[in-house]
>>> print(open('target_5.cif').read())   # mmCIF, C-alpha atoms
data_work
loop_
_atom_site.group_PDB
_atom_site.id
_atom_site.type_symbol
_atom_site.label_atom_id
_atom_site.label_comp_id
_atom_site.auth_asym_id
_atom_site.auth_seq_id
_atom_site.Cartn_x
_atom_site.Cartn_y
_atom_site.Cartn_z
ATOM 1 C CA ALA A 1 88.123 18.411 95.954
ATOM 2 C CA GLU A 2 85.597 17.555 98.674
ATOM 3 C CA LEU A 3 83.063 20.055 97.356
ATOM 4 C CA THR A 4 83.133 18.483 93.901
ATOM 5 C CA SER A 5 83.226 14.868 95.120
ATOM 6 C CA GLY A 6 80.530 12.370 94.296
ATOM 7 C CA ARG A 7 79.493 12.231 97.943
ATOM 8 C CA THR A 8 78.853 15.980 98.033
ATOM 9 C CA ARG A 9 76.970 15.936 94.725
ATOM 10 C CA LYS A 10 74.809 13.085 96.017
ATOM 11 C CA LEU A 11 74.008 15.043 99.188
ATOM 12 C CA LEU A 12 73.140 18.171 97.199
ATOM 13 C CA SER A 13 70.919 16.115 94.906
ATOM 14 C CA ARG A 14 69.062 14.683 97.905
ATOM 15 C CA LEU A 15 68.637 18.143 99.419
ATOM 16 C CA ASP A 16 67.333 19.468 96.132
ATOM 17 C CA ARG A 17 64.786 16.637 95.857
ATOM 18 C CA TRP A 18 63.693 17.202 99.465
ATOM 19 C CA SER A 19 63.296 20.947 98.909
ATOM 20 C CA GLN A 20 60.982 20.216 95.957
ATOM 21 C CA GLU A 21 58.725 18.058 98.157
ATOM 22 C CA PRO A 22 59.682 18.462 101.824
ATOM 23 C CA ARG A 23 58.457 15.816 104.229
ATOM 24 C CA TYR A 24 58.221 16.585 107.920
ATOM 25 C CA THR A 25 57.519 14.472 110.948
ATOM 26 C CA SER A 26 54.150 14.939 112.588
ATOM 27 C CA LEU A 27 55.827 17.320 115.056
ATOM 28 C CA GLY A 28 56.889 19.475 112.119
ATOM 29 C CA GLN A 29 53.225 20.102 111.340
ATOM 30 C CA LEU A 30 52.573 21.716 114.739
ATOM 31 C CA PRO A 31 53.083 25.403 115.606
ATOM 32 C CA LEU A 32 56.639 25.898 116.869
ATOM 33 C CA VAL A 33 55.720 28.433 119.548
ATOM 34 C CA GLU A 34 53.816 25.747 121.457
ATOM 35 C CA TRP A 35 56.972 23.623 121.608
ATOM 36 C CA LEU A 36 59.588 26.291 122.383
ATOM 37 C CA PRO A 37 60.202 25.159 125.986
ATOM 38 C CA GLU A 38 60.965 21.627 124.837
ATOM 39 C CA TRP A 39 63.179 22.808 121.964
ATOM 40 C CA LEU A 40 65.090 25.133 124.264
ATOM 41 C CA GLN A 41 65.587 22.441 126.850
ATOM 42 C CA ALA A 42 66.743 19.988 124.171
ATOM 43 C CA CYS A 43 69.300 22.399 122.705
ATOM 44 C CA SER A 44 70.629 23.837 125.974
ATOM 45 C CA GLY A 45 70.067 21.035 128.454
ATOM 46 C CA GLY A 46 73.119 20.143 130.494
ATOM 47 C CA CYS A 47 75.301 22.847 128.979
ATOM 48 C CA PHE A 48 76.082 24.437 132.326
ATOM 49 C CA LEU A 49 76.915 21.065 133.871
ATOM 50 C CA HIS A 50 79.869 20.629 131.500
ATOM 51 C CA ALA A 51 83.219 20.235 133.285
ATOM 52 C CA GLY A 52 84.791 22.953 131.121
ATOM 53 C CA TRP A 53 82.979 25.683 133.046
ATOM 54 C CA PHE A 54 85.012 24.678 136.096
ATOM 55 C CA SER A 55 88.436 24.314 134.473
ATOM 56 C CA VAL A 56 91.297 25.866 136.395
ATOM 57 C CA HIS A 57 93.889 26.023 133.614
ATOM 58 C CA ALA A 58 93.823 27.368 130.065
ATOM 59 C CA SER A 59 95.192 24.115 128.633
ATOM 60 C CA ASP A 60 92.398 21.948 130.058
ATOM 61 C CA VAL A 61 90.986 19.746 127.279
ATOM 62 C CA ASP A 62 87.500 20.213 128.768
ATOM 63 C CA LEU A 63 87.549 23.807 127.509
ATOM 64 C CA HIS A 64 87.689 22.650 123.894
ATOM 65 C CA GLU A 65 84.845 20.203 124.522
ATOM 66 C CA LEU A 66 82.847 22.993 126.179
ATOM 67 C CA ARG A 67 83.434 25.173 123.126
ATOM 68 C CA LYS A 68 81.868 22.486 120.941
ATOM 69 C CA ARG A 69 78.892 22.181 123.302
ATOM 70 C CA ILE A 70 78.387 25.950 123.358
ATOM 71 C CA LYS A 71 78.462 25.955 119.560
ATOM 72 C CA GLU A 72 75.606 23.423 119.541
ATOM 73 C CA VAL A 73 73.568 25.572 121.938
ATOM 74 C CA ARG A 74 74.240 28.739 119.950
ATOM 75 C CA TYR A 75 73.220 27.106 116.668
ATOM 76 C CA GLY A 76 70.057 25.804 118.333
ATOM 77 C CA LEU A 77 69.201 29.289 119.564
ATOM 78 C CA GLU A 78 69.983 30.836 116.190
ATOM 79 C CA ALA A 79 67.502 28.437 114.591
ATOM 80 C CA LEU A 80 64.839 29.787 116.976
ATOM 81 C CA HIS A 81 65.952 33.418 117.106
ATOM 82 C CA GLY A 82 62.801 34.804 115.491
ATOM 83 C CA TRP A 83 60.784 33.481 118.423
ATOM 84 C CA LEU A 84 63.144 34.345 121.267
ATOM 85 C CA GLY A 85 63.145 38.144 121.214
ATOM 86 C CA ASP A 86 65.885 40.416 122.508
ATOM 87 C CA ALA A 87 66.815 38.093 125.368
ATOM 88 C CA GLY A 88 67.531 35.346 122.845
ATOM 89 C CA GLU A 89 69.696 37.678 120.774
ATOM 90 C CA HIS A 90 71.691 38.561 123.909
ATOM 91 C CA TRP A 91 72.247 34.885 124.668
ATOM 92 C CA ILE A 92 73.345 34.215 121.096
ATOM 93 C CA SER A 93 75.793 37.115 121.275
ATOM 94 C CA ASP A 94 77.158 36.011 124.657
ATOM 95 C CA LEU A 95 77.594 32.423 123.509
ATOM 96 C CA ARG A 96 79.317 33.594 120.334
ATOM 97 C CA SER A 97 81.779 35.570 122.493
ATOM 98 C CA VAL A 98 82.453 32.564 124.737
ATOM 99 C CA GLN A 99 82.880 30.279 121.740
ATOM 100 C CA SER A 100 85.332 32.698 120.140
ATOM 101 C CA CYS A 101 87.364 33.135 123.331
ATOM 102 C CA LEU A 102 87.573 29.384 123.931
ATOM 103 C CA GLY A 103 88.519 28.848 120.290
ATOM 104 C CA GLU A 104 91.399 31.283 120.622
ATOM 105 C CA LEU A 105 92.567 29.571 123.813
ATOM 106 C CA HIS A 106 92.507 26.215 122.040
ATOM 107 C CA ASP A 107 94.351 27.542 118.982
ATOM 108 C CA GLN A 108 97.042 28.969 121.239
ATOM 109 C CA GLU A 109 97.382 25.669 123.075
ATOM 110 C CA VAL A 110 97.796 23.770 119.802
ATOM 111 C CA LEU A 111 100.413 26.248 118.612
ATOM 112 C CA MET A 112 102.269 26.086 121.934
ATOM 113 C CA GLN A 113 102.454 22.296 121.636
ATOM 114 C CA LEU A 114 103.779 22.560 118.090
ATOM 115 C CA ILE A 115 106.633 24.884 119.013
ATOM 116 C CA ARG A 116 107.662 23.068 122.221
ATOM 117 C CA GLY A 117 111.143 21.700 121.942
ATOM 118 C CA HIS A 118 112.243 24.056 119.173
ATOM 119 C CA GLY A 119 114.676 25.892 121.429
ATOM 120 C CA GLN A 120 115.658 29.517 121.099
ATOM 121 C CA ALA A 121 114.071 29.971 117.684
ATOM 122 C CA ALA A 122 110.614 29.641 119.205
ATOM 123 C CA SER A 123 111.220 31.258 122.599
ATOM 124 C CA ALA A 124 110.096 34.748 121.511
ATOM 125 C CA LEU A 125 106.956 33.319 119.976
ATOM 126 C CA ARG A 126 106.285 31.269 123.114
ATOM 127 C CA LEU A 127 106.525 34.408 125.224
ATOM 128 C CA VAL A 128 104.033 36.298 123.034
ATOM 129 C CA LEU A 129 101.663 33.324 123.005
ATOM 130 C CA GLU A 130 101.855 32.957 126.772
ATOM 131 C CA GLN A 131 101.034 36.636 127.293
ATOM 132 C CA ASP A 132 98.111 36.395 124.892
ATOM 133 C CA ARG A 133 96.920 33.194 126.554
ATOM 134 C CA GLN A 134 96.847 34.973 129.914
ATOM 135 C CA GLU A 135 94.722 37.740 128.389
ATOM 136 C CA ARG A 136 92.321 35.210 126.833
ATOM 137 C CA TRP A 137 92.177 33.261 130.088
ATOM 138 C CA SER A 138 91.179 36.443 131.952
ATOM 139 C CA GLN A 139 88.595 37.180 129.263
ATOM 140 C CA TRP A 140 87.231 33.633 129.595
ATOM 141 C CA GLN A 141 86.986 33.936 133.377
ATOM 142 C CA ALA A 142 85.053 37.203 133.069
ATOM 143 C CA LEU A 143 82.653 35.693 130.520
ATOM 144 C CA ARG A 144 82.211 32.584 132.662
ATOM 145 C CA ASP A 145 81.492 34.695 135.733
ATOM 146 C CA GLN A 146 78.772 36.559 133.814
ATOM 147 C CA LEU A 147 77.017 33.387 132.645
ATOM 148 C CA LEU A 148 77.294 31.037 135.644
ATOM 149 C CA PRO A 149 75.189 32.798 138.303
ATOM 150 C CA PRO A 150 71.959 30.827 138.883
ATOM 151 C CA GLU A 151 69.595 33.549 137.700
ATOM 152 C CA ARG A 152 71.542 34.062 134.474
ATOM 153 C CA ARG A 153 71.668 30.315 133.738
ATOM 154 C CA ARG A 154 67.961 29.940 134.354
ATOM 155 C CA SER A 155 67.176 32.856 132.076
ATOM 156 C CA LEU A 156 68.309 30.702 129.151
ATOM 157 C CA LEU A 157 65.565 28.184 129.857
ATOM 158 C CA ARG A 158 63.003 30.977 130.268
ATOM 159 C CA LEU A 159 63.630 32.484 126.845
ATOM 160 C CA TRP A 160 60.409 31.030 125.530
ATOM 161 C CA CYS A 161 58.442 33.103 128.057
ATOM 162 C CA SER A 162 59.680 36.325 126.469
ATOM 163 C CA ALA A 163 58.776 35.196 122.962
#
>>> encode(input="target_5.cif", output="C-alpha cells")
Amino acid sequence: AELTSGRTRKLLSRLDRWSQEPRYTSLGQLPLVEWLPEWLQACSGGCFLHAGWFSVHASDVDLHELRKRIKEVRYGLEALHGWLGDAGEHWISDLRSVQSCLGELHDQEVLMQLIRGHGQAASALRLVLEQDRQERWSQWQALRDQLLPPERRRSLLRLWCSA
C-alpha cells in the first residue's frame, strides 16, 4: 500500500524530474577526490566514541543505536567505494559483519522480551535463544576487539590516502 500511495508517487515524480535535469550544489561541481578526507570524516566521525562499543551486556540498548550508526558509516563508505581501494572494501565488509551481528543480538533481545512470562511453553525457546545470544555476544566481542585498537580506528580516516 505504501509503495502505491500518493506520497510515494509524488516522491518518484520528483526524482524523475531531478534525474532529467539534476542540480547540484557548488561543491557537487568539484572533483570528489579532492574532498575525500572531509567526506570520510563527515561519514565516520565520532563512530568509535559511541557508547555501544563499550557495552558490557548483550541487552544494552546502546548496541542497537551503535548498529544504526555503523549502518550510516557503511553506507557512506559504499557511496565512496570506487575511490577507497581495497582498504575501503575491507572496512565495508567489516562494518557489514558488525552490523549483522548487532542486528541479530537486537532481534534476539526483542524476541526474548516477547516470550517472557509465557511460562513452560516458551522455556525451550528461551534456552535456545540464550545459547545463541551467547554465541553472538562472543562474535560481537571478537569483532569489536578487531576494530577498536587505535591503529585500526585511525586507518578508517586514512582511507583517502590509499585512493
>>> residues_around(input="target_5.cif", residues="range 137-147 of chain A", least_positions_apart="6", cutoff="7 Å", atoms="only C-alpha atoms", output="ChimeraX atom specification")
/A:53,58,98,101,153
>>> closest_residue(input="target_5.cif", among="A:Glu78, A:Glu135, A:Glu109, A:Glu38", to="Arg96 in chain A", atoms="only C-alpha atoms")
A:Glu78
>>> atom_distance(input="target_5.cif", atom1="CA of Gln99 in chain A", atom2="CA of Ala122 in chain A")
27.9 Å
>>> closest_residue(input="target_5.cif", among="A:His50, A:Arg133, A:Arg74, A:Arg116", to="Leu102 in chain A", atoms="all atoms listed in the file")
A:Arg133
>>> closest_residue(input="target_5.cif", among="A:Arg152, A:Arg158, A:Tyr24, A:Glu2", to="Asp94 in chain A", atoms="all atoms listed in the file")
A:Arg152
>>> atom_distance(input="target_5.cif", atom1="CA of Ala42 in chain A", atom2="CA of Ile70 in chain A")
13.1 Å
>>> resolve_selection(input="target_5.cif", expression="the PyMOL selection byres ((chain A and resi 65) around 12)", output="ChimeraX atom specification")
/A:47,50-53,55,59-64,66-72,99,102-103,106
>>> residues_near_point(input="target_5.cif", point="(66.7, 26.3, 116.0)", cutoff="12 Å", atoms="all atoms listed in the file", output="PyMOL selection string")
chain A and resi 32-33+35-44+72-84+88+92
>>> atom_distance(input="target_5.cif", atom1="CA of Leu148 in chain A", atom2="CA of Arg136 in chain A")
17.9 Å
>>> closest_residue(input="target_5.cif", among="A:Arg23, A:Ala1, A:His90, A:Gly46", to="Ser155 in chain A", atoms="only C-alpha atoms")
A:His90
>>> residues_around(input="target_5.cif", residues="Met112 in chain A", least_positions_apart="6", cutoff="9 Å", atoms="all atoms listed in the file", output="mmCIF file with C-alpha atoms, keeping the file's coordinate frame")
data_model
loop_
_atom_site.group_PDB
_atom_site.id
_atom_site.type_symbol
_atom_site.label_atom_id
_atom_site.label_comp_id
_atom_site.auth_asym_id
_atom_site.auth_seq_id
_atom_site.Cartn_x
_atom_site.Cartn_y
_atom_site.Cartn_z
ATOM 1 C CA LEU A 125 106.956 33.319 119.976
ATOM 2 C CA ARG A 126 106.285 31.269 123.114
ATOM 3 C CA LEU A 129 101.663 33.324 123.005
ATOM 4 C CA GLU A 130 101.855 32.957 126.772
#
>>> closest_residue(input="target_5.cif", among="A:Leu111, A:Phe48, A:Gly85, A:Thr8", to="Pro149 in chain A", atoms="only C-alpha atoms")
A:Phe48
